[in-house]
Amino acid sequence: MKTLARELKAILGQAGVIDDPTRLVPYESDGLALYATRPELVLLPRDTDQAARAMAVLARHGTPVVARGAGTGLAGGATPVENGVLISTARMRDILEVDPEDRFARVQAGVVNTQLSEVCRGHGLMYAPDPSSQMACTIGGNVANNSGGPHCFKYGATSRHVLGLVLVTHAGEVIDLSGPWVDPQGLDLVGLFVGSEGTFGLATEVTVKLVPRPPVVEVLLAIFTELEAACDAVSEIIAARLQPSALEILDRLTIEAVEQSVFAAGYPKEAEAVLLIELEGVETEVSGSQQEISAILNKHGVLSTRSARDASERRDLWAGRKGAFGAMGRIAPDLYVADAVVPRTKLRALVRRTVEICRERNLKLANVFHAGDGNLHPNICYDRRDPDEVRRVLEAGRLILETCVEAGGSLTGEHGVGLEKREEMEIAFAPEDLETMCRVRDAWDPDRRMNPGKLLPMRACMELRTPSPRA
Amino acid sequence: MEPSARLEQLLSAAEIGTFRLGDGRELPLAAPASFGAWSELLSLLSRDGLRALPLGNGSKLERRPVHSEIDVLVSTRNLAGILQYEPGDGTVTALAGTEWHAIEAVVSAGSHHLTPDVSPAGAPTLGGVVASAQAGIDRLRWGPLRDNVLGIRFVSGDGRVARSGGALVKNVTGYDLHRLHCGAEGSLGVVLEASLRLAPQPSERRILRTRIADRSEAWQACRTLGRLDVQPWTLCLRNEDSRPGQSPWELTLLLAGRQAVVDWEQREAEAAVGGASFEQLPAEAYDDLRTFADNPRGRPALGLQARPSQLEARIEQALQACTARGWRLETRAHPRIASALLLFEPLGGESSFEELELSLARIEGARWRDLPRAQAKNGQRLTGPAAELVRRLRASLDPRGVFARCTPHG
Ligand SMILES: Cc1cc2nc3c(=O)[nH]c(=O)nc-3n(C[C@H](O)[C@H](O)[C@H](O)COP(=O)(O)OP(=O)(O)OC[C@H]3O[C@@H](n4cnc5c(N)ncnc54)[C@H](O)[C@@H]3O)c2cc1C
């Protein structure tokens, strides 16, 4: 490792290579603290060229590589691997180009999601995907995980917004697909790369689409005395072909946590659930939709509906939603953020089943989720120092996933498979599907050095020998 | 043994036939009726080193030259039917040989709009639309096809039937192989089934048209409309003969949605484009608008892309190349999508279309579809590590090179 570190320092400088064991500790885990592995080195390239030269050296040494953005991922995707090196994009934070006329931006992969939106604001534009972690997560991480967010209900997840990429391959070669063209020429390599969770290569630059900010925005807070009624209201809004820009549900425990935290948004503590609805567009569109939605809310027994009076109240309502995961720290030392997706006609049944699964295992459950997309986030509170509780949490997590898949849903709506759900891929896919995915992965990374042990189950892919996280 | 004899051993009489390509070649055609039969067919072709070209009803092959050696055509026409339409969820899943407009009929009865809204010419199938990543007249509003394909089932070159994605509007489980197959023109596998996201059916649809004599005024009008809060489903420009004074620029706007919103959008559009008075077309004009990308007379045609702010200039350069070489140019542009279809007709001059292609290829900042020599010259074809990656990807899904390529992309 010493020779490797020396070679890498020659490319990245002293500040570009972390090898001091105490400084490596913060990189042991990502947002899924259940798993931790100390990387041998952390590399901090400044640009594509440095990243490519460093990757070429790693290829020569046969060293496994894990890419890391901000480490906010919740599936263990950025957890280092044994004898591996972490490449962080933390020093790749330049916004390279903003073209307001053609509505695109080109950024380095380490640019933080909100940083990009702030830069575009002055032009009346925005970068639409808005994960709740947007204050910290990077565009490169968003690309790798095909991340979503509340407003992806209207605008779609990251893949719909990526126009081009500059990639560094496993061998340290640069592939420039930076565009911006509206369609790929030949095979859609960019589309395939998005969501590949760092297993295909390192994204160093990203070209994204920018969209105009809406002229009118209205945020409604609908208060329910029953969580299931809130779910039914969402299913009916979808069935009525209405198109709000966001539909988010928070349950009682989440509301309590938020209201006790710095994110307090004025959600009523007596509610069993609140449904946050955002409408946007031109005035006529917003008011028309609002009327129809109000009728649906009434039909499902809404206790009351409040409409944000101004921009600051709108911000507060959203801050409560986006800070919900953070706020949960008040009610438990650890939080297992599950992520599953179901057809939107089945929200009520599946939310009910998740509640049952947790109750049966004596686990505390808080639900906060992207209801409009059918993307559930059952958040299970636990204490990682209690091994039996950890066991029950993992059991509940797996059962919830199985139930969702059985109902026509899938393992993850936005957090990715990572290390966490790797083995569950066998619930969602047949062996031939997984085998085909393995072949495609091998085409990108024939050495199997890019994020080994993530995304695909060991058995299906005969992965590099990474110990199973559940072992 | 002849390819057709081998097919007879494997498939029933109803699954075998012949098909005549646009260039006159008549080839054996296999149209398996089950996933199992597809798997066996591809295994056989792979084992025997035969080359196959996938097709649905063959609607695209009448328009496109086929550049490859082919032993057999493989069609999804016997794989038809809607497997799931969930009106409450806004998704539909159908077998690949299902005619696009049959799916449209079913989902529109459930108040959904099937996107892309493509021309019915040639009775396109679901698999064909997906494999060719066809764009519809509604692309400005609902995005490219790849944004609306939620999952597929496909058979690879070695007979492996696999799936990616699913009938879920949000899903990041596993690799998005369906994105890779969108637009791959069957060169990586045959799409057997696909799930799509549906859009809401608009309660009101209005087509507005105006004719503007001056080219730059017409493009300026598009830019002005593009800056409004109006969200048209279509904003297109057509010019039948780009030689000066020959024909006006026809600007068409398709507005759709809630009636009150469409009324408001119409007023905004009319106010913004000042002097240009829009004519409201009858409802039947919609069918005509859907054929915007058709080329019934089979003229030489090229798809063009550029940065939105540069599309007008690139088309102007194309026109200059046409004028210099004695060709007439018809332009059908989507200014806000930054793409155009250019159709060419000889005016009896000396230059061949190949010569014209070469001069078009020299236009900086233009990207052409189906222009192999031009792409090579322009450095637009993938080279180096990207080309190597594409080679490995193709080999991973089609190890024996069964699938022939209809178009010459990298
Ligand atoms: C409080 C909280 C709220 C969240 N809310 C949401 C939400 O609403 N929606 C949502 O989708 N997610 C959410 N997440 C999850 C997470 O923030 C996203 O997955 C995010 O995109 C990860 O970005 P990151 O920069 O932190 O990436 P990391 O966690 O560092 O990495 C994520 C994955 O991407 C890979 N990767 C990172 N950068 C690159 C690169 N440049 N090239 C190739 N691979 C790379 C890593 O190897 C890893 O597999 C939330 C997380 C938290 C903690």
# chains A, B, ... in the order shown; residues from 1 in each chain; ligands from 1
call {"tool": "interface_residues", "arguments": {"of": "chain B", "to": "chain A", "cutoff": "8 Å", "atoms": "only C-alpha atoms", "output": "ChimeraX atom specification"}}
result
/B:87-90,112,147,160-164,167-177,179-184,199-201,229,258,260-261,264,305-309,337-339,369,385-386,389-390,392-393,396-397,409-410
call {"tool": "closest_atom_pairs", "arguments": {"of": "chain A", "to": "ligand 1", "cutoff": "6 Å", "atoms": "only C-alpha atoms and all ligand atoms", "output": "tab-separated table"}}
result
residue	atom	partner	partner_atom_place_in_ligand_line	distance
A:Asp30	CA	ligand 1	29 (O)	5.8
A:Gly31	CA	ligand 1	53 (C)	5.4
A:Val66	CA	ligand 1	47 (O)	5.2
A:Ala67	CA	ligand 1	47 (O)	3.9
A:Arg68	CA	ligand 1	30 (O)	3.8
A:Gly69	CA	ligand 1	30 (O)	3.4
A:Ala70	CA	ligand 1	26 (O)	3.6
A:Gly71	CA	ligand 1	30 (O)	3.3
A:Thr72	CA	ligand 1	26 (O)	3.5
A:Gly73	CA	ligand 1	29 (O)	3.3
A:Leu74	CA	ligand 1	15 (C)	5.2
A:Gly77	CA	ligand 1	49 (O)	3.4
A:Ala78	CA	ligand 1	48 (C)	4.0
A:Ala109	CA	ligand 1	41 (N)	5.0
A:Pro131	CA	ligand 1	8 (O)	3.5
A:Ser132	CA	ligand 1	5 (N)	3.8
A:Ser133	CA	ligand 1	3 (C)	4.1
A:Cys137	CA	ligand 1	25 (O)	3.9
A:Thr138	CA	ligand 1	25 (O)	3.7
A:Gly140	CA	ligand 1	41 (N)	3.9
A:Gly141	CA	ligand 1	27 (O)	3.6
A:Asn142	CA	ligand 1	21 (O)	3.4
A:Ala144	CA	ligand 1	34 (O)	4.4
A:Asn145	CA	ligand 1	19 (O)	5.4
A:Ser147	CA	ligand 1	11 (O)	3.4
A:Gly148	CA	ligand 1	11 (O)	3.9
A:Gly149	CA	ligand 1	8 (O)	4.0
A:Glu197	CA	ligand 1	49 (O)	4.1
A:Gly198	CA	ligand 1	44 (N)	3.4
A:Gly201	CA	ligand 1	43 (C)	5.8
A:Leu202	CA	ligand 1	42 (N)	3.7
A:Ala203	CA	ligand 1	42 (N)	3.8
A:Thr204	CA	ligand 1	41 (N)	5.5
A:Phe325	CA	ligand 1	1 (C)	5.0
A:Gly326	CA	ligand 1	1 (C)	5.7
A:Glu414	CA	ligand 1	11 (O)	4.2
A:His415	CA	ligand 1	19 (O)	4.9
call {"tool": "atom_distance", "arguments": {"atom1": "CA of Glu185 (chain B)", "atom2": "CA of Ser156 (chain B)"}}
result
13.1 Å
call {"tool": "select_by_dssp", "arguments": {"residues": "region 280-436 of chain A", "states": "strand (DSSP E or B)", "output": "PyMOL selection string"}}
result
chain A and resi 280-281+304-307+334-337+340-341+364-370+375-376+378-382+410
call {"tool": "select_by_dssp", "arguments": {"residues": "region 98-193 of chain A", "states": "helix (DSSP H, G or I)", "output": "PyMOL selection string"}}
result
chain A and resi 113-121+139-145+152-155+158-161+189-193
call {"tool": "write_last_selection", "arguments": {"atoms": "C-alpha atoms", "output": "mmCIF file, in the first residue's frame"}}
result
data_model
loop_
_atom_site.group_PDB
_atom_site.id
_atom_site.type_symbol
_atom_site.label_atom_id
_atom_site.label_comp_id
_atom_site.auth_asym_id
_atom_site.auth_seq_id
_atom_site.Cartn_x
_atom_site.Cartn_y
_atom_site.Cartn_z
ATOM 1 C CA ASN A 113 -27.338 19.393 -5.335
ATOM 2 C CA THR A 114 -28.561 22.699 -3.799
ATOM 3 C CA GLN A 115 -25.425 24.515 -4.955
ATOM 4 C CA LEU A 116 -26.507 23.888 -8.533
ATOM 5 C CA SER A 117 -30.069 25.002 -7.955
ATOM 6 C CA GLU A 118 -28.866 28.183 -6.252
ATOM 7 C CA VAL A 119 -26.662 29.086 -9.206
ATOM 8 C CA CYS A 120 -29.576 28.627 -11.613
ATOM 9 C CA ARG A 121 -32.083 30.551 -9.515
ATOM 10 C CA ILE A 139 -24.767 15.415 -8.313
ATOM 11 C CA GLY A 140 -22.398 12.463 -8.931
ATOM 12 C CA GLY A 141 -24.048 10.531 -6.095
ATOM 13 C CA ASN A 142 -27.472 11.447 -7.479
ATOM 14 C CA VAL A 143 -26.455 10.141 -10.891
ATOM 15 C CA ALA A 144 -25.015 6.921 -9.466
ATOM 16 C CA ASN A 145 -28.184 6.246 -7.469
ATOM 17 C CA CYS A 152 -39.791 13.774 -8.812
ATOM 18 C CA PHE A 153 -43.483 12.970 -8.787
ATOM 19 C CA LYS A 154 -43.859 15.619 -11.454
ATOM 20 C CA TYR A 155 -40.362 15.940 -12.868
ATOM 21 C CA THR A 158 -32.324 11.977 -11.971
ATOM 22 C CA SER A 159 -32.167 9.893 -15.160
ATOM 23 C CA ARG A 160 -34.695 12.170 -16.849
ATOM 24 C CA HIS A 161 -32.439 15.156 -16.215
ATOM 25 C CA LEU A 189 -24.617 4.734 -22.485
ATOM 26 C CA VAL A 190 -25.500 7.704 -20.318
ATOM 27 C CA GLY A 191 -28.961 6.323 -19.532
ATOM 28 C CA LEU A 192 -27.473 2.965 -18.639
ATOM 29 C CA PHE A 193 -24.823 4.498 -16.389
#
